[in-house]
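Colleague: Below is the file coords-v5.pdb, which contains PDB, C-alpha atoms and all ligand atoms.
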```pdb
ATOM      1  CA  MET A   9     -19.754 -52.978   5.931
ATOM      2  CA  GLN A  10     -16.419 -52.681   4.153
ATOM      3  CA  GLU A  11     -14.511 -52.168   7.390
ATOM      4  CA  LEU A  12     -16.220 -55.245   8.901
ATOM      5  CA  ILE A  13     -15.358 -57.417   5.887
ATOM      6  CA  THR A  14     -11.740 -56.295   6.046
ATOM      7  CA  LYS A  15     -11.574 -57.159   9.760
ATOM      8  CA  THR A  16     -13.299 -60.515   9.245
ATOM      9  CA  VAL A  17     -11.186 -61.528   6.242
ATOM     10  CA  PRO A  18      -7.755 -60.021   6.950
ATOM     11  CA  THR A  19      -5.305 -59.807   4.056
ATOM     12  CA  GLY A  20      -1.876 -58.432   3.384
ATOM     13  CA  ILE A  21      -1.096 -55.498   1.148
ATOM     14  CA  SER A  22       0.846 -56.159  -2.045
ATOM     15  CA  VAL A  23       1.732 -54.328  -5.195
ATOM     16  CA  VAL A  24       0.557 -56.204  -8.293
ATOM     17  CA  THR A  25       2.939 -55.479 -11.140
ATOM     18  CA  VAL A  26       2.649 -56.205 -14.840
ATOM     19  CA  ARG A  27       4.584 -55.781 -18.086
ATOM     20  CA  SER A  28       3.021 -55.650 -21.527
ATOM     21  CA  GLY A  29       5.712 -55.076 -24.155
ATOM     22  CA  ASP A  30       7.592 -51.953 -23.090
ATOM     23  CA  LYS A  31       4.800 -50.792 -20.759
ATOM     24  CA  ILE A  32       5.108 -51.539 -17.045
ATOM     25  CA  ASN A  33       2.772 -50.699 -14.191
ATOM     26  CA  GLY A  34       1.878 -51.620 -10.645
ATOM     27  CA  MET A  35      -1.034 -51.067  -8.274
ATOM     28  CA  THR A  36      -1.630 -51.677  -4.601
ATOM     29  CA  ALA A  37      -3.914 -54.645  -3.939
ATOM     30  CA  ALA A  38      -5.462 -56.073  -0.797
ATOM     31  CA  TRP A  39      -7.599 -58.704  -2.506
ATOM     32  CA  VAL A  40      -4.967 -61.347  -3.173
ATOM     33  CA  THR A  41      -5.092 -64.961  -1.992
ATOM     34  CA  GLN A  42      -3.863 -68.481  -2.702
ATOM     35  CA  VAL A  43      -6.632 -70.668  -4.171
ATOM     36  CA  SER A  44      -4.930 -73.998  -5.008
ATOM     37  CA  PHE A  45      -2.159 -76.079  -3.463
ATOM     38  CA  LYS A  46      -1.187 -78.324  -6.416
ATOM     39  CA  PRO A  47      -0.683 -76.609  -8.723
ATOM     40  CA  ALA A  48      -0.039 -73.488  -6.646
ATOM     41  CA  MET A  49      -2.521 -70.877  -7.828
ATOM     42  CA  ILE A  50      -2.992 -67.262  -6.782
ATOM     43  CA  ALA A  51      -6.096 -65.116  -7.296
ATOM     44  CA  VAL A  52      -6.180 -61.337  -7.478
ATOM     45  CA  SER A  53      -9.333 -59.255  -7.784
ATOM     46  CA  ILE A  54      -8.895 -56.170  -9.949
ATOM     47  CA  ALA A  55     -11.447 -53.610 -11.090
ATOM     48  CA  PRO A  56     -11.741 -53.240 -14.892
ATOM     49  CA  GLN A  57     -11.027 -49.505 -14.772
ATOM     50  CA  ARG A  58      -7.492 -50.059 -13.392
ATOM     51  CA  TYR A  59      -4.680 -49.620 -15.938
ATOM     52  CA  THR A  60      -3.167 -52.758 -14.376
ATOM     53  CA  HIS A  61      -6.297 -54.660 -15.506
ATOM     54  CA  THR A  62      -5.762 -53.537 -19.118
ATOM     55  CA  LEU A  63      -2.111 -54.609 -19.056
ATOM     56  CA  ILE A  64      -2.858 -58.001 -17.442
ATOM     57  CA  GLU A  65      -5.448 -58.682 -20.149
ATOM     58  CA  GLU A  66      -2.796 -57.852 -22.759
ATOM     59  CA  SER A  67       0.119 -59.783 -21.254
ATOM     60  CA  ARG A  68      -1.675 -62.609 -19.363
ATOM     61  CA  TYR A  69       0.909 -62.349 -16.550
ATOM     62  CA  PHE A  70       0.964 -60.564 -13.200
ATOM     63  CA  CYS A  71       3.329 -60.464 -10.244
ATOM     64  CA  ILE A  72       2.496 -60.185  -6.551
ATOM     65  CA  ASN A  73       5.062 -58.101  -4.619
ATOM     66  CA  ALA A  74       4.785 -58.643  -0.848
ATOM     67  CA  LEU A  75       5.378 -55.481   1.180
ATOM     68  CA  PRO A  76       6.853 -55.154   4.677
ATOM     69  CA  ALA A  77       4.718 -53.544   7.391
ATOM     70  CA  GLU A  78       6.540 -50.209   7.051
ATOM     71  CA  SER A  79       5.391 -49.551   3.457
ATOM     72  CA  MET A  80       2.599 -47.017   3.871
ATOM     73  CA  ASP A  81       4.141 -44.448   1.496
ATOM     74  CA  LEU A  82       4.736 -47.048  -1.219
ATOM     75  CA  ALA A  83       1.214 -48.496  -0.822
ATOM     76  CA  LYS A  84      -0.249 -44.996  -1.224
ATOM     77  CA  HIS A  85       2.024 -44.241  -4.172
ATOM     78  CA  PHE A  86       0.839 -47.334  -6.075
ATOM     79  CA  GLY A  87      -2.722 -47.216  -4.730
ATOM     80  CA  PHE A  88      -3.964 -43.690  -5.311
ATOM     81  CA  LYS A  89      -2.657 -42.797  -8.776
ATOM     82  CA  SER A  90      -3.172 -44.463 -12.128
ATOM     83  CA  GLY A  91      -0.361 -45.546 -14.399
ATOM     84  CA  ARG A  92      -2.498 -44.395 -17.340
ATOM     85  CA  LYS A  93      -1.527 -40.836 -16.414
ATOM     86  CA  ILE A  94       1.909 -41.131 -14.781
ATOM     87  CA  ASP A  95       4.900 -43.453 -14.693
ATOM     88  CA  LYS A  96       4.667 -44.859 -11.156
ATOM     89  CA  PHE A  97       8.075 -46.486 -11.553
ATOM     90  CA  GLN A  98       9.936 -43.220 -11.906
ATOM     91  CA  GLY A  99      12.487 -43.196  -9.070
ATOM     92  CA  ILE A 100      11.475 -46.712  -7.968
ATOM     93  CA  ASP A 101      14.111 -49.429  -7.806
ATOM     94  CA  TYR A 102      13.078 -52.710  -9.489
ATOM     95  CA  THR A 103      14.321 -55.789 -11.310
ATOM     96  CA  ASN A 104      12.415 -58.141 -13.645
ATOM     97  CA  ALA A 105      10.866 -61.531 -12.917
ATOM     98  CA  ILE A 106      11.255 -64.311 -15.476
ATOM     99  CA  LYS A 107       8.356 -63.128 -17.681
ATOM    100  CA  GLY A 108       9.330 -59.488 -17.274
ATOM    101  CA  SER A 109       6.996 -58.296 -14.528
ATOM    102  CA  PRO A 110       8.696 -55.692 -12.333
ATOM    103  CA  VAL A 111       9.889 -56.860  -8.900
ATOM    104  CA  LEU A 112      10.068 -53.955  -6.457
ATOM    105  CA  GLY A 113      13.365 -53.465  -4.652
ATOM    106  CA  SER A 114      11.444 -53.098  -1.411
ATOM    107  CA  ALA A 115       9.405 -56.318  -1.791
ATOM    108  CA  TYR A 116      10.428 -59.085   0.614
ATOM    109  CA  ALA A 117       9.038 -61.799  -1.700
ATOM    110  CA  TYR A 118       7.357 -62.036  -5.081
ATOM    111  CA  ILE A 119       5.298 -64.515  -7.072
ATOM    112  CA  GLU A 120       4.877 -64.084 -10.827
ATOM    113  CA  CYS A 121       1.855 -65.879 -12.320
ATOM    114  CA  GLU A 122       0.463 -66.753 -15.726
ATOM    115  CA  VAL A 123      -3.272 -66.092 -15.980
ATOM    116  CA  VAL A 124      -5.226 -69.328 -16.469
ATOM    117  CA  HIS A 125      -8.739 -68.079 -15.597
ATOM    118  CA  ALA A 126     -10.481 -64.705 -15.457
ATOM    119  CA  TYR A 127     -13.958 -64.432 -13.934
ATOM    120  CA  GLU A 128     -16.262 -61.461 -13.638
ATOM    121  CA  ALA A 129     -16.875 -60.975  -9.903
ATOM    122  CA  GLY A 130     -19.329 -58.110  -9.351
ATOM    123  CA  ASP A 131     -17.459 -54.893 -10.091
ATOM    124  CA  HIS A 132     -14.056 -56.665 -10.209
ATOM    125  CA  THR A 133     -12.350 -59.337 -12.315
ATOM    126  CA  LEU A 134     -10.868 -62.311 -10.512
ATOM    127  CA  PHE A 135      -7.642 -63.235 -12.292
ATOM    128  CA  ILE A 136      -6.335 -66.670 -11.293
ATOM    129  CA  GLY A 137      -2.776 -67.573 -12.179
ATOM    130  CA  THR A 138      -0.316 -70.435 -11.863
ATOM    131  CA  VAL A 139       3.133 -69.656 -10.516
ATOM    132  CA  VAL A 140       5.895 -69.198 -13.112
ATOM    133  CA  ASP A 141       8.524 -67.517 -10.926
ATOM    134  CA  SER A 142       8.916 -66.771  -7.224
ATOM    135  CA  SER A 143      11.499 -65.895  -4.620
ATOM    136  CA  GLU A 144      11.879 -64.774  -1.021
ATOM    137  CA  LEU A 145      14.177 -61.757  -1.097
ATOM    138  CA  LYS A 146      14.349 -60.939   2.621
ATOM    139  CA  ASP A 147      13.825 -63.264   5.559
ATOM    140  CA  ASN A 148      11.862 -62.605   8.774
ATOM    141  CA  VAL A 149       9.913 -59.614   7.524
ATOM    142  CA  ARG A 150       6.678 -58.527   9.168
ATOM    143  CA  PRO A 151       3.965 -58.364   6.458
ATOM    144  CA  PHE A 152       1.842 -55.267   5.858
ATOM    145  CA  ILE A 153      -1.675 -56.126   7.040
ATOM    146  CA  PHE A 154      -4.543 -54.216   5.439
ATOM    147  CA  ARG A 155      -6.703 -52.122   7.751
ATOM    148  CA  TRP A 156      -9.471 -50.268   5.951
ATOM    149  CA  ASN A 157      -9.301 -47.106   8.075
ATOM    150  CA  ASP A 158      -5.558 -46.658   7.523
ATOM    151  CA  PHE A 159      -6.332 -45.797   3.911
ATOM    152  CA  PHE A 160      -9.996 -44.995   3.476
ATOM    153  CA  GLY A 161     -11.229 -43.689   6.850
ATOM    154  CA  LYS A 162     -14.493 -44.827   8.414
ATOM    155  CA  LYS A 163     -17.158 -46.219   6.049
TER     156      LYS A 163
HETATM  157  C1  LIG B 201      -4.679 -50.336   0.407
HETATM  158  C2  LIG B 201      -5.253 -50.436  -0.979
HETATM  159  C3  LIG B 201      -5.721 -51.658  -1.455
HETATM  160  C4  LIG B 201      -6.255 -51.765  -2.741
HETATM  161  N1  LIG B 201      -6.687 -52.991  -3.191
HETATM  162  C5  LIG B 201      -7.206 -53.090  -4.450
HETATM  163  C6  LIG B 201      -7.614 -54.370  -4.947
HETATM  164  O1  LIG B 201      -7.462 -55.411  -4.299
HETATM  165  N2  LIG B 201      -8.170 -54.398  -6.194
HETATM  166  C7  LIG B 201      -8.330 -53.284  -6.965
HETATM  167  O2  LIG B 201      -8.844 -53.357  -8.091
HETATM  168  N3  LIG B 201      -7.904 -52.060  -6.517
HETATM  169  C8  LIG B 201      -7.334 -51.956  -5.293
HETATM  170  N4  LIG B 201      -6.883 -50.737  -4.846
HETATM  171  C9  LIG B 201      -6.999 -49.551  -5.733
HETATM  172  C10 LIG B 201      -5.853 -49.447  -6.764
HETATM  173  O3  LIG B 201      -4.591 -49.678  -6.170
HETATM  174  C11 LIG B 201      -5.863 -48.024  -7.355
HETATM  175  O4  LIG B 201      -7.103 -47.776  -7.999
HETATM  176  C12 LIG B 201      -4.725 -47.753  -8.307
HETATM  177  O5  LIG B 201      -4.593 -46.358  -8.475
HETATM  178  C13 LIG B 201      -4.890 -48.407  -9.666
HETATM  179  O6  LIG B 201      -3.762 -48.077 -10.437
HETATM  180  P1  LIG B 201      -3.657 -48.344 -12.011
HETATM  181  O7  LIG B 201      -4.783 -47.595 -12.701
HETATM  182  O8  LIG B 201      -2.305 -47.796 -12.357
HETATM  183  O9  LIG B 201      -3.755 -49.817 -12.228
HETATM  184  C14 LIG B 201      -6.333 -50.619  -3.576
HETATM  185  C15 LIG B 201      -5.852 -49.373  -3.099
HETATM  186  C16 LIG B 201      -5.323 -49.278  -1.823
HETATM  187  C17 LIG B 201      -4.813 -47.950  -1.331
END
```
Reformat the file's structure so that it appears as C-alpha cells.
Modeller:
Amino acid sequence: MQELITKTVPTGISVVTVRSGDKINGMTAAWVTQVSFKPAMIAVSIAPQRYTHTLIEESRYFCINALPAESMDLAKHFGFKSGRKIDKFQGIDYTNAIKGSPVLGSAYAYIECEVVHAYEAGDHTLFIGTVVDSSELKDNVRPFIFRWNDFFGKK
C-alpha cells in the first residue's frame, strides 16, 4: 500500500529544519506540499514522536530545504537518526534563515515558514505555514524524488 501511494502521489525529498532558542535540528521529510497560492502556504506532515515536531511546537517556525537528486547520504543521515540523541549538524555546513532555521549548504532552495495551523492527521501532525523567507541557492538542479523502496524496501 505504502509503495503504491508513493508512486501515485510523487513528492520530493527535503530536510525540514528548525531552531528553538539555541537548539537546532533537521529531519528528512517526503510529505511536504504547497497548499495555498495567495498567501503562499506550505504543509508538512510530521509524526509527534520526532524531535523536529517538539521543536516546531516550541518555535512555531520550520524551514524546507530542497535537496538535489544526488543526496542519498544526507537524506539517510537526517532520516534515520533522532536529534534527541545526537547533534545531526555536527560536520554539516549551514547558514541561518531570517527566523534562525538552519539552511543546509547543500540545499538548492529553501522556504522558511511560520506555523499558522496545526492539525492532527492520523498518526502525524499537519503543520501549515506561511512563507517568511525563501531563496533559490542553485539554479537548474534536478530534485530528489522520493521512491519508497530506495529507503524502506518492499512493503
Ligand atoms: C526518505 C524519508 C522520508 C521521510 N519523511 C517523513 C515525513 O514526511 N514525516 C515524518 O514525520 N517523518 C519522515 N521521515 C522520518 C524522519 O526523517 C525520521 O524519523 C527522523 O529520524 C526524525 O528525526 P528527529 O527525531 O531528529 O526529528 C522520513 C524518513 C526518510 C528516510
Colleague: Name the residues that the PyMOL selection byres (((not hetatm)) within 10 of (chain B and resi 201)) pulls out of this structure, and write them as a PyMOL selection string.
Modeller: chain A and resi 19-26+32-40+52-64+80+82-96+131-134+152-160
Colleague: For Ile119 of chain A, find every residue with an atom within 8 Å (counting all atoms listed in the file), except residues of its own chain fewer than 6 positions away, and show them as a VMD selection string.
Modeller: chain A and resid 71 to 73 139 to 143
Colleague: Kindly give the distance, in Å, that separates atom CA of Ile106 of chain A and atom CA of Glu120 of chain A, rounded to a single decimal.
Modeller: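 Value for the atom CA of Ile106 of chain A-atom CA of Glu120 of chain A distance: 7.9 Å.
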Colleague: Quick one: distance from atom CA of Pro76 of chain A to atom CA of Ile100 of chain A in Å, one decimal?
Modeller: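 Atom CA of Ile100 of chain A lies 15.9 Å from atom CA of Pro76 of chain A.
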Colleague: Please build the interface table for segment 15-96 of chain A against segment 121-129 of chain A with a cut-off of 7 Å, listing for each qualifying residue the nearest atom pair and the distance in Å to one decimal; count all atoms listed in the file, order rows by chain and increasing number, and write it as CSV.
Modeller:
```
residue,atom,partner,partner_atom,distance
A:Arg68,CA,A:Val123,CA,5.1
A:Tyr69,CA,A:Glu122,CA,4.5
A:Phe70,CA,A:Cys121,CA,5.5
A:Cys71,CA,A:Cys121,CA,6.0
```
Colleague: Counting only C-alpha atoms, find the residues whose atoms lie at most 12 Å from (-2.5, -69.7, -1.7) (file coordinates) and write them out as a PDB file with C-alpha atoms, in the frame of the given file.
Modeller:
```
ATOM      1  CA  THR A  19      -5.305 -59.807   4.056  1.00  0.00           C
ATOM      2  CA  VAL A  40      -4.967 -61.347  -3.173  1.00  0.00           C
ATOM      3  CA  THR A  41      -5.092 -64.961  -1.992  1.00  0.00           C
ATOM      4  CA  GLN A  42      -3.863 -68.481  -2.702  1.00  0.00           C
ATOM      5  CA  VAL A  43      -6.632 -70.668  -4.171  1.00  0.00           C
ATOM      6  CA  SER A  44      -4.930 -73.998  -5.008  1.00  0.00           C
ATOM      7  CA  PHE A  45      -2.159 -76.079  -3.463  1.00  0.00           C
ATOM      8  CA  LYS A  46      -1.187 -78.324  -6.416  1.00  0.00           C
ATOM      9  CA  PRO A  47      -0.683 -76.609  -8.723  1.00  0.00           C
ATOM     10  CA  ALA A  48      -0.039 -73.488  -6.646  1.00  0.00           C
ATOM     11  CA  MET A  49      -2.521 -70.877  -7.828  1.00  0.00           C
ATOM     12  CA  ILE A  50      -2.992 -67.262  -6.782  1.00  0.00           C
ATOM     13  CA  ALA A  51      -6.096 -65.116  -7.296  1.00  0.00           C
ATOM     14  CA  VAL A  52      -6.180 -61.337  -7.478  1.00  0.00           C
ATOM     15  CA  ILE A  72       2.496 -60.185  -6.551  1.00  0.00           C
ATOM     16  CA  ILE A 119       5.298 -64.515  -7.072  1.00  0.00           C
ATOM     17  CA  ILE A 136      -6.335 -66.670 -11.293  1.00  0.00           C
ATOM     18  CA  GLY A 137      -2.776 -67.573 -12.179  1.00  0.00           C
ATOM     19  CA  THR A 138      -0.316 -70.435 -11.863  1.00  0.00           C
ATOM     20  CA  VAL A 139       3.133 -69.656 -10.516  1.00  0.00           C
TER      21      VAL A 139
END
```
Colleague: Would you compute the distance between atom CA of Pro18 of chain A and atom CA of Asp147 of chain A? Give it in Å to one decimal.
Modeller: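 It comes out at 21.9 Å.
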Colleague: Going by the chain IDs and residue numbers used in this file, which residues fall under the PyMOL selection byres (((chain A and resi 12) around 12) and not hetatm)? Write them as a list in words.
Modeller: Met9, Gln10, Glu11, Ile13, Thr14, Lys15, Thr16, Val17, Pro18, Arg155, Trp156, Asn157, Lys162 and Lys163 of chain A
Colleague: The PyMOL selection byres (((chain A and resi 115) around 6) and not hetatm) - which residues does that actually catch in the file I just gave you? List them as a list of chain:residue names.
Modeller: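 Evaluating the PyMOL selection byres (((chain A and resi 115) around 6) and not hetatm) on this file yields A:Asn73, A:Ala74, A:Leu75, A:Leu112, A:Gly113, A:Ser114, A:Tyr116, A:Ala117.
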Colleague: Pick out the closest residue to Asp30 of chain A from this set: A:Ser67, A:Glu144, A:Phe135, A:Ala105. Count all atoms listed in the file.
Modeller: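 Comparing A:Ser67, A:Glu144, A:Phe135, A:Ala105 against Asp30 of chain A, the winner is A:Ser67.
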Colleague: Centre and edge lengths of an axis-aligned box around all listed atoms of segment 47-65 of chain A, with 8 Å added on each side, are to be given in Å to one decimal, as AutoDock Vina command-line options.
Modeller:
```
--center_x -5.9 --center_y -63.1 --center_z -13.4 --size_x 27.7 --size_y 43.1 --size_z 29.5
```
Colleague: A:Val149, A:Lys31, A:Tyr118, A:Glu78: which is nearest Phe97 of chain A, counting only C-alpha atoms?
Modeller: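 Ranked by minimum distance to Phe97 of chain A, first place goes to A:Lys31.
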